[in-house]
Amino acid sequence: MRPTPPRALIAALFPTLIVVVWLYPADGWALEKYGRPLPEMDDRDHEAREAEESLFGGYLLTGAFLSNPTFAARPDNTGLVGLRHMIHLETDLYKQYLTFYTDQNFFSDRKEGWIRLSEWDSTYAFTGMIDRIGWRLQYERDAGLDRRPLIQEYADVLVTARFQATQDVGWWRQMFPRQNLTAYAGMGWLFHNSQYFARPDNTGAALYRYVAHADLDLYKNKVILYGDANMFTDRQSGKALNPTELDWIVGLAVRFKDMELALYHETDQPLDRPGLIQKYLALQFRYSFDVSKKAAKSLFGR
């Protein structure tokens with residue numbers, strides 16, 4: 001029997017992904033704190049960036065939590081987030097096969113006046129793509145800034161399969177030539193875990209991660225509807241493969257050139273037992289940038 005081509009396999013699995021991402025109960029929306037699950041700011045591929053001799057790219061992000069009844073402002077689940085600020089930087093080390101990125105993510109506590117920062121999450125990772133298969137090796141550390149009662153950190157490896165409707169589905173390309181639906185799904189392993197929990201109430205220890213993400217281009221990559229699901233399992237539960245936490249997000253992003261304004265909703269909830277549910281509604285602004293090698297040479301000299 002001939003092996004199934006990767007693109008055909010992804011296309012066959014995609015209806016299951018759509019069910020997972022869009023039909024799960026609406027009270028379970030959420031987003032991880034780091035920036036990678038956000039929709040891509042543009043549709044340029046790595047080859048285009050290489051042709052432009054890009055040195056590095058990234059984005060600046062700031063957001064306000066318009067409604068936040070329970071989403072904590074520190075790793076020890078104290079306070080309530082008021083503002084979020086973030087910088088994402090990435091550079092291609094070898095075409096699309098090897099990219100380095102870092103996210104520096106900051107939160108403030110609305111109970112402490114909104115302005116003073118209360119948490120700093122730092123992420124460093126190597127990632128790459130071979131055809132439609134993506135991989136990532138990442139380290140994350142979440143710590144309080146105004147006090148340090150708890151530090152959460154982990155290192156994980158993640159593998160995902162990617163789908164693009166305009167390339168993988170003929171009828172979609174004919175009916176929606178200017179709109180695209182992109183998605184990925186995969187599984188990760190937290191091979192190092194120092195107090196990174198398996199539930200929102202800071203119980204258990206995360207072991208495996210299941211992810212799914214979808215971006216639906218509603219209008220010329222100017223209006224994007226996106227969703228992201230992230231689940232953890234508990235290495236202490238005796239059922240290492242069973243999800244114990246679901247983080248889910250749904251959002252709508254509107255773009256103009258290198259700028260984006262997005263409204264999104266998040267909820268982090270336990271799956272195997274009753275417990276703390278963290279959720280919020282936020283409005284965020286993101287500015288994307290790319291620094292070319294030519295611009296860097298003119299600015300700093302040879």
# chains A, B, ... in the order shown; residues from 1 in each chain; ligands from 1
>>> residues_around(residues="stretch 213-219 of chain A", least_positions_apart="6", cutoff="8 Å", atoms="only C-alpha atoms", output="NGL selection string")
:A and (21 or 37 or 39 or 178-185 or 225-229)
>>> write_last_selection(atoms="N, CA and C atoms", output="short mmCIF file (atom, residue, chain, number, x, y, z; two decimals), in the first residue's frame")
data_model
loop_
_atom_site.label_atom_id
_atom_site.label_comp_id
_atom_site.auth_asym_id
_atom_site.auth_seq_id
_atom_site.Cartn_x
_atom_site.Cartn_y
_atom_site.Cartn_z
N VAL A 21 -12.01 22.80 17.28
CA VAL A 21 -11.76 24.22 17.49
C VAL A 21 -13.03 25.04 17.59
N PRO A 37 0.36 31.67 19.45
CA PRO A 37 -0.95 31.32 18.95
C PRO A 37 -1.72 32.46 18.29
N PRO A 39 -2.83 35.15 15.42
CA PRO A 39 -2.83 35.00 13.96
C PRO A 39 -1.60 35.67 13.35
N ARG A 178 -9.51 34.51 -2.80
CA ARG A 178 -8.82 35.59 -2.08
C ARG A 178 -8.91 35.43 -0.56
N GLN A 179 -9.57 34.38 -0.10
CA GLN A 179 -9.65 34.09 1.32
C GLN A 179 -8.96 32.76 1.59
N ASN A 180 -8.41 32.62 2.78
CA ASN A 180 -7.70 31.39 3.13
C ASN A 180 -8.11 30.94 4.52
N LEU A 181 -8.03 29.66 4.73
CA LEU A 181 -8.23 29.05 6.04
C LEU A 181 -6.98 28.25 6.36
N THR A 182 -6.25 28.66 7.38
CA THR A 182 -5.04 27.95 7.79
C THR A 182 -5.26 27.39 9.19
N ALA A 183 -4.65 26.25 9.44
CA ALA A 183 -4.82 25.61 10.74
C ALA A 183 -3.64 24.70 11.02
N TYR A 184 -3.41 24.42 12.29
CA TYR A 184 -2.44 23.40 12.67
C TYR A 184 -2.92 22.71 13.93
N ALA A 185 -2.44 21.50 14.14
CA ALA A 185 -2.76 20.74 15.35
C ALA A 185 -1.57 19.85 15.66
N LEU A 225 -10.75 35.98 11.64
CA LEU A 225 -11.38 35.29 12.76
C LEU A 225 -10.47 34.13 13.16
N TYR A 226 -10.09 34.06 14.43
CA TYR A 226 -9.13 33.03 14.82
C TYR A 226 -9.54 32.35 16.12
N GLY A 227 -9.11 31.11 16.26
CA GLY A 227 -9.37 30.34 17.46
C GLY A 227 -8.16 29.52 17.82
N ASP A 228 -7.98 29.27 19.12
CA ASP A 228 -6.83 28.50 19.58
C ASP A 228 -7.23 27.66 20.78
N ALA A 229 -6.86 26.40 20.77
CA ALA A 229 -7.12 25.49 21.88
C ALA A 229 -5.82 24.90 22.37
#
>>> closest_atom_pairs(of="stretch 180-218 of chain A", to="stretch 244-264 of chain A", cutoff="12 Å", atoms="only C-alpha atoms", output="CSV")
residue,atom,partner,partner_atom,distance
A:Phe197,CA,A:Glu245,CA,9.5
A:Ala198,CA,A:Glu245,CA,6.3
A:Arg199,CA,A:Glu245,CA,5.1
A:Pro200,CA,A:Glu245,CA,7.2
A:Asp201,CA,A:Glu245,CA,9.9
A:Asn202,CA,A:Glu245,CA,10.7
A:Thr203,CA,A:Thr244,CA,10.0
A:Gly204,CA,A:Thr244,CA,9.0
A:Ala205,CA,A:Thr244,CA,10.1
A:Ala206,CA,A:Thr244,CA,8.8
A:Leu207,CA,A:Thr244,CA,10.3
A:Tyr208,CA,A:Thr244,CA,10.1
A:Arg209,CA,A:Glu245,CA,9.6
A:Tyr210,CA,A:Leu246,CA,9.3
A:Val211,CA,A:Asp247,CA,9.5
A:Ala212,CA,A:Trp248,CA,9.5
A:His213,CA,A:Ile249,CA,9.3
A:Ala214,CA,A:Val250,CA,9.7
A:Asp215,CA,A:Gly251,CA,9.6
A:Leu216,CA,A:Leu252,CA,9.7
A:Asp217,CA,A:Ala253,CA,9.8
A:Leu218,CA,A:Leu252,CA,9.8
>>> write_last_selection(atoms="N, CA, C and O atoms", output="PDB file, in the first residue's frame")
ATOM      1  N   PHE A 197       1.856  24.028  36.335  1.00  0.00           N
ATOM      2  CA  PHE A 197       0.750  23.219  36.810  1.00  0.00           C
ATOM      3  C   PHE A 197      -0.129  22.690  35.676  1.00  0.00           C
ATOM      4  O   PHE A 197      -0.087  23.177  34.545  1.00  0.00           O
ATOM      5  N   ALA A 198      -0.949  21.700  36.041  1.00  0.00           N
ATOM      6  CA  ALA A 198      -1.798  21.010  35.074  1.00  0.00           C
ATOM      7  C   ALA A 198      -3.233  21.506  35.090  1.00  0.00           C
ATOM      8  O   ALA A 198      -4.056  21.029  34.308  1.00  0.00           O
ATOM      9  N   ARG A 199      -3.537  22.474  35.964  1.00  0.00           N
ATOM     10  CA  ARG A 199      -4.886  23.040  36.056  1.00  0.00           C
ATOM     11  C   ARG A 199      -4.783  24.519  36.450  1.00  0.00           C
ATOM     12  O   ARG A 199      -3.797  24.940  37.058  1.00  0.00           O
ATOM     13  N   PRO A 200      -5.825  25.307  36.164  1.00  0.00           N
ATOM     14  CA  PRO A 200      -5.783  26.734  36.503  1.00  0.00           C
ATOM     15  C   PRO A 200      -5.654  27.014  37.998  1.00  0.00           C
ATOM     16  O   PRO A 200      -5.184  28.093  38.384  1.00  0.00           O
ATOM     17  N   ASP A 201      -6.072  26.069  38.861  1.00  0.00           N
ATOM     18  CA  ASP A 201      -5.983  26.309  40.305  1.00  0.00           C
ATOM     19  C   ASP A 201      -4.624  25.907  40.870  1.00  0.00           C
ATOM     20  O   ASP A 201      -4.471  25.768  42.090  1.00  0.00           O
ATOM     21  N   ASN A 202      -3.631  25.739  39.989  1.00  0.00           N
ATOM     22  CA  ASN A 202      -2.251  25.422  40.394  1.00  0.00           C
ATOM     23  C   ASN A 202      -2.146  24.078  41.118  1.00  0.00           C
ATOM     24  O   ASN A 202      -1.462  23.950  42.138  1.00  0.00           O
ATOM     25  N   THR A 203      -2.809  23.069  40.564  1.00  0.00           N
ATOM     26  CA  THR A 203      -2.665  21.706  41.055  1.00  0.00           C
ATOM     27  C   THR A 203      -2.105  20.832  39.945  1.00  0.00           C
ATOM     28  O   THR A 203      -2.262  21.122  38.758  1.00  0.00           O
ATOM     29  N   GLY A 204      -1.447  19.724  40.339  1.00  0.00           N
ATOM     30  CA  GLY A 204      -0.865  18.807  39.383  1.00  0.00           C
ATOM     31  C   GLY A 204       0.406  19.350  38.753  1.00  0.00           C
ATOM     32  O   GLY A 204       0.897  20.426  39.106  1.00  0.00           O
ATOM     33  N   ALA A 205       0.955  18.584  37.816  1.00  0.00           N
ATOM     34  CA  ALA A 205       2.166  18.965  37.089  1.00  0.00           C
ATOM     35  C   ALA A 205       1.982  18.599  35.619  1.00  0.00           C
ATOM     36  O   ALA A 205       1.773  17.430  35.279  1.00  0.00           O
ATOM     37  N   ALA A 206       2.029  19.598  34.734  1.00  0.00           N
ATOM     38  CA  ALA A 206       1.764  19.377  33.316  1.00  0.00           C
ATOM     39  C   ALA A 206       2.791  18.424  32.708  1.00  0.00           C
ATOM     40  O   ALA A 206       3.989  18.521  32.987  1.00  0.00           O
ATOM     41  N   LEU A 207       2.319  17.520  31.860  1.00  0.00           N
ATOM     42  CA  LEU A 207       3.202  16.552  31.197  1.00  0.00           C
ATOM     43  C   LEU A 207       3.098  16.647  29.680  1.00  0.00           C
ATOM     44  O   LEU A 207       4.090  16.884  29.005  1.00  0.00           O
ATOM     45  N   TYR A 208       1.912  16.442  29.131  1.00  0.00           N
ATOM     46  CA  TYR A 208       1.703  16.531  27.686  1.00  0.00           C
ATOM     47  C   TYR A 208       0.820  17.732  27.363  1.00  0.00           C
ATOM     48  O   TYR A 208       0.043  18.208  28.197  1.00  0.00           O
ATOM     49  N   ARG A 209       0.955  18.198  26.114  1.00  0.00           N
ATOM     50  CA  ARG A 209       0.195  19.350  25.629  1.00  0.00           C
ATOM     51  C   ARG A 209      -0.437  18.975  24.284  1.00  0.00           C
ATOM     52  O   ARG A 209       0.230  18.416  23.410  1.00  0.00           O
ATOM     53  N   TYR A 210      -1.712  19.286  24.122  1.00  0.00           N
ATOM     54  CA  TYR A 210      -2.392  19.134  22.842  1.00  0.00           C
ATOM     55  C   TYR A 210      -2.784  20.531  22.356  1.00  0.00           C
ATOM     56  O   TYR A 210      -3.352  21.311  23.127  1.00  0.00           O
ATOM     57  N   VAL A 211      -2.502  20.840  21.093  1.00  0.00           N
ATOM     58  CA  VAL A 211      -2.797  22.175  20.574  1.00  0.00           C
ATOM     59  C   VAL A 211      -3.571  22.080  19.266  1.00  0.00           C
ATOM     60  O   VAL A 211      -3.429  21.115  18.501  1.00  0.00           O
ATOM     61  N   ALA A 212      -4.389  23.084  19.010  1.00  0.00           N
ATOM     62  CA  ALA A 212      -5.086  23.247  17.736  1.00  0.00           C
ATOM     63  C   ALA A 212      -5.314  24.733  17.515  1.00  0.00           C
ATOM     64  O   ALA A 212      -5.657  25.455  18.453  1.00  0.00           O
ATOM     65  N   HIS A 213      -5.127  25.189  16.292  1.00  0.00           N
ATOM     66  CA  HIS A 213      -5.248  26.610  15.990  1.00  0.00           C
ATOM     67  C   HIS A 213      -5.815  26.770  14.584  1.00  0.00           C
ATOM     68  O   HIS A 213      -5.512  25.984  13.689  1.00  0.00           O
ATOM     69  N   ALA A 214      -6.654  27.804  14.369  1.00  0.00           N
ATOM     70  CA  ALA A 214      -7.222  28.080  13.054  1.00  0.00           C
ATOM     71  C   ALA A 214      -7.349  29.575  12.844  1.00  0.00           C
ATOM     72  O   ALA A 214      -7.744  30.313  13.761  1.00  0.00           O
ATOM     73  N   ASP A 215      -6.990  30.042  11.641  1.00  0.00           N
ATOM     74  CA  ASP A 215      -7.179  31.425  11.206  1.00  0.00           C
ATOM     75  C   ASP A 215      -8.067  31.413   9.970  1.00  0.00           C
ATOM     76  O   ASP A 215      -7.744  30.748   8.979  1.00  0.00           O
ATOM     77  N   LEU A 216      -9.164  32.145   9.995  1.00  0.00           N
ATOM     78  CA  LEU A 216     -10.053  32.260   8.849  1.00  0.00           C
ATOM     79  C   LEU A 216      -9.995  33.684   8.316  1.00  0.00           C
ATOM     80  O   LEU A 216     -10.364  34.635   9.005  1.00  0.00           O
ATOM     81  N   ASP A 217      -9.500  33.829   7.086  1.00  0.00           N
ATOM     82  CA  ASP A 217      -9.395  35.130   6.436  1.00  0.00           C
ATOM     83  C   ASP A 217     -10.775  35.530   5.921  1.00  0.00           C
ATOM     84  O   ASP A 217     -11.287  34.949   4.961  1.00  0.00           O
ATOM     85  N   LEU A 218     -11.379  36.530   6.545  1.00  0.00           N
ATOM     86  CA  LEU A 218     -12.711  36.970   6.148  1.00  0.00           C
ATOM     87  C   LEU A 218     -12.675  37.987   5.017  1.00  0.00           C
ATOM     88  O   LEU A 218     -13.615  38.055   4.222  1.00  0.00           O
TER      89      LEU A 218
END
>>> residues_around(residues="stretch 131-141 of chain A", least_positions_apart="4", cutoff="10 Å", atoms="only C-alpha atoms", output="mmCIF file with C-alpha atoms, in the first residue's frame")
data_model
loop_
_atom_site.group_PDB
_atom_site.id
_atom_site.type_symbol
_atom_site.label_atom_id
_atom_site.label_comp_id
_atom_site.auth_asym_id
_atom_site.auth_seq_id
_atom_site.Cartn_x
_atom_site.Cartn_y
_atom_site.Cartn_z
ATOM 1 C CA PRO A 6 1.313 14.524 4.024
ATOM 2 C CA ARG A 7 -1.022 17.100 2.447
ATOM 3 C CA ILE A 10 -3.771 16.753 6.777
ATOM 4 C CA TYR A 34 2.846 33.671 24.961
ATOM 5 C CA GLN A 96 12.272 28.014 7.112
ATOM 6 C CA TYR A 97 13.970 25.014 8.709
ATOM 7 C CA LEU A 98 15.400 26.776 11.767
ATOM 8 C CA THR A 99 14.096 29.962 13.396
ATOM 9 C CA PHE A 100 14.853 31.426 16.813
ATOM 10 C CA TYR A 101 12.266 33.530 18.650
ATOM 11 C CA THR A 102 11.721 35.073 22.044
ATOM 12 C CA ASP A 103 8.604 36.479 23.719
ATOM 13 C CA GLN A 104 8.804 38.870 26.652
ATOM 14 C CA TRP A 120 7.004 38.703 33.634
ATOM 15 C CA ASP A 121 6.773 35.662 31.353
ATOM 16 C CA SER A 122 9.854 35.042 29.208
ATOM 17 C CA THR A 123 10.021 32.484 26.403
ATOM 18 C CA TYR A 124 12.951 31.343 24.239
ATOM 19 C CA ALA A 125 12.536 28.810 21.451
ATOM 20 C CA PHE A 126 13.851 27.229 18.279
ATOM 21 C CA THR A 127 11.253 26.306 15.669
ATOM 22 C CA ILE A 151 8.121 30.792 39.759
ATOM 23 C CA GLN A 152 6.779 28.448 37.088
ATOM 24 C CA GLU A 153 9.089 27.151 34.370
ATOM 25 C CA TYR A 154 9.181 24.369 31.830
ATOM 26 C CA ALA A 155 10.878 23.163 28.657
ATOM 27 C CA ASP A 156 8.915 21.307 26.004
ATOM 28 C CA VAL A 157 9.059 19.924 22.483
ATOM 29 C CA LEU A 158 6.067 20.256 20.163
ATOM 30 C CA VAL A 159 5.256 18.779 16.727
ATOM 31 C CA THR A 160 2.365 20.050 14.590
ATOM 32 C CA ALA A 161 0.811 19.393 11.174
ATOM 33 C CA ARG A 162 -0.322 22.413 9.159
ATOM 34 C CA PHE A 163 -3.235 22.838 6.733
ATOM 35 C CA GLN A 164 -3.894 25.591 4.146
ATOM 36 C CA TYR A 184 -2.439 23.400 12.666
ATOM 37 C CA ALA A 185 -2.756 20.736 15.347
ATOM 38 C CA GLY A 186 -0.234 18.722 17.290
ATOM 39 C CA MET A 187 1.111 17.334 20.543
ATOM 40 C CA GLY A 188 3.925 18.355 22.878
ATOM 41 C CA TRP A 189 5.866 16.919 25.811
ATOM 42 C CA LEU A 190 7.002 18.965 28.806
ATOM 43 C CA HIS A 192 11.285 19.575 32.119
ATOM 44 C CA ASN A 193 8.750 20.959 34.587
ATOM 45 C CA SER A 194 9.407 23.090 37.638
ATOM 46 C CA TYR A 196 4.208 24.389 35.874
#
>>> select_by_dssp(residues="stretch 130-181 of chain A", states="strand (DSSP E or B)", output="VMD selection string")
chain A and resid 130 133 to 144 151 to 164 181
>>> closest_residue(among="A:Thr91, A:Ser54, A:Ser292, A:Asn68", to="A:Thr267", atoms="only C-alpha atoms")
A:Asn68
>>> residues_around(residues="A:Phe106", least_positions_apart="6", cutoff="6 Å", atoms="only C-alpha atoms", output="count of residues only")
4
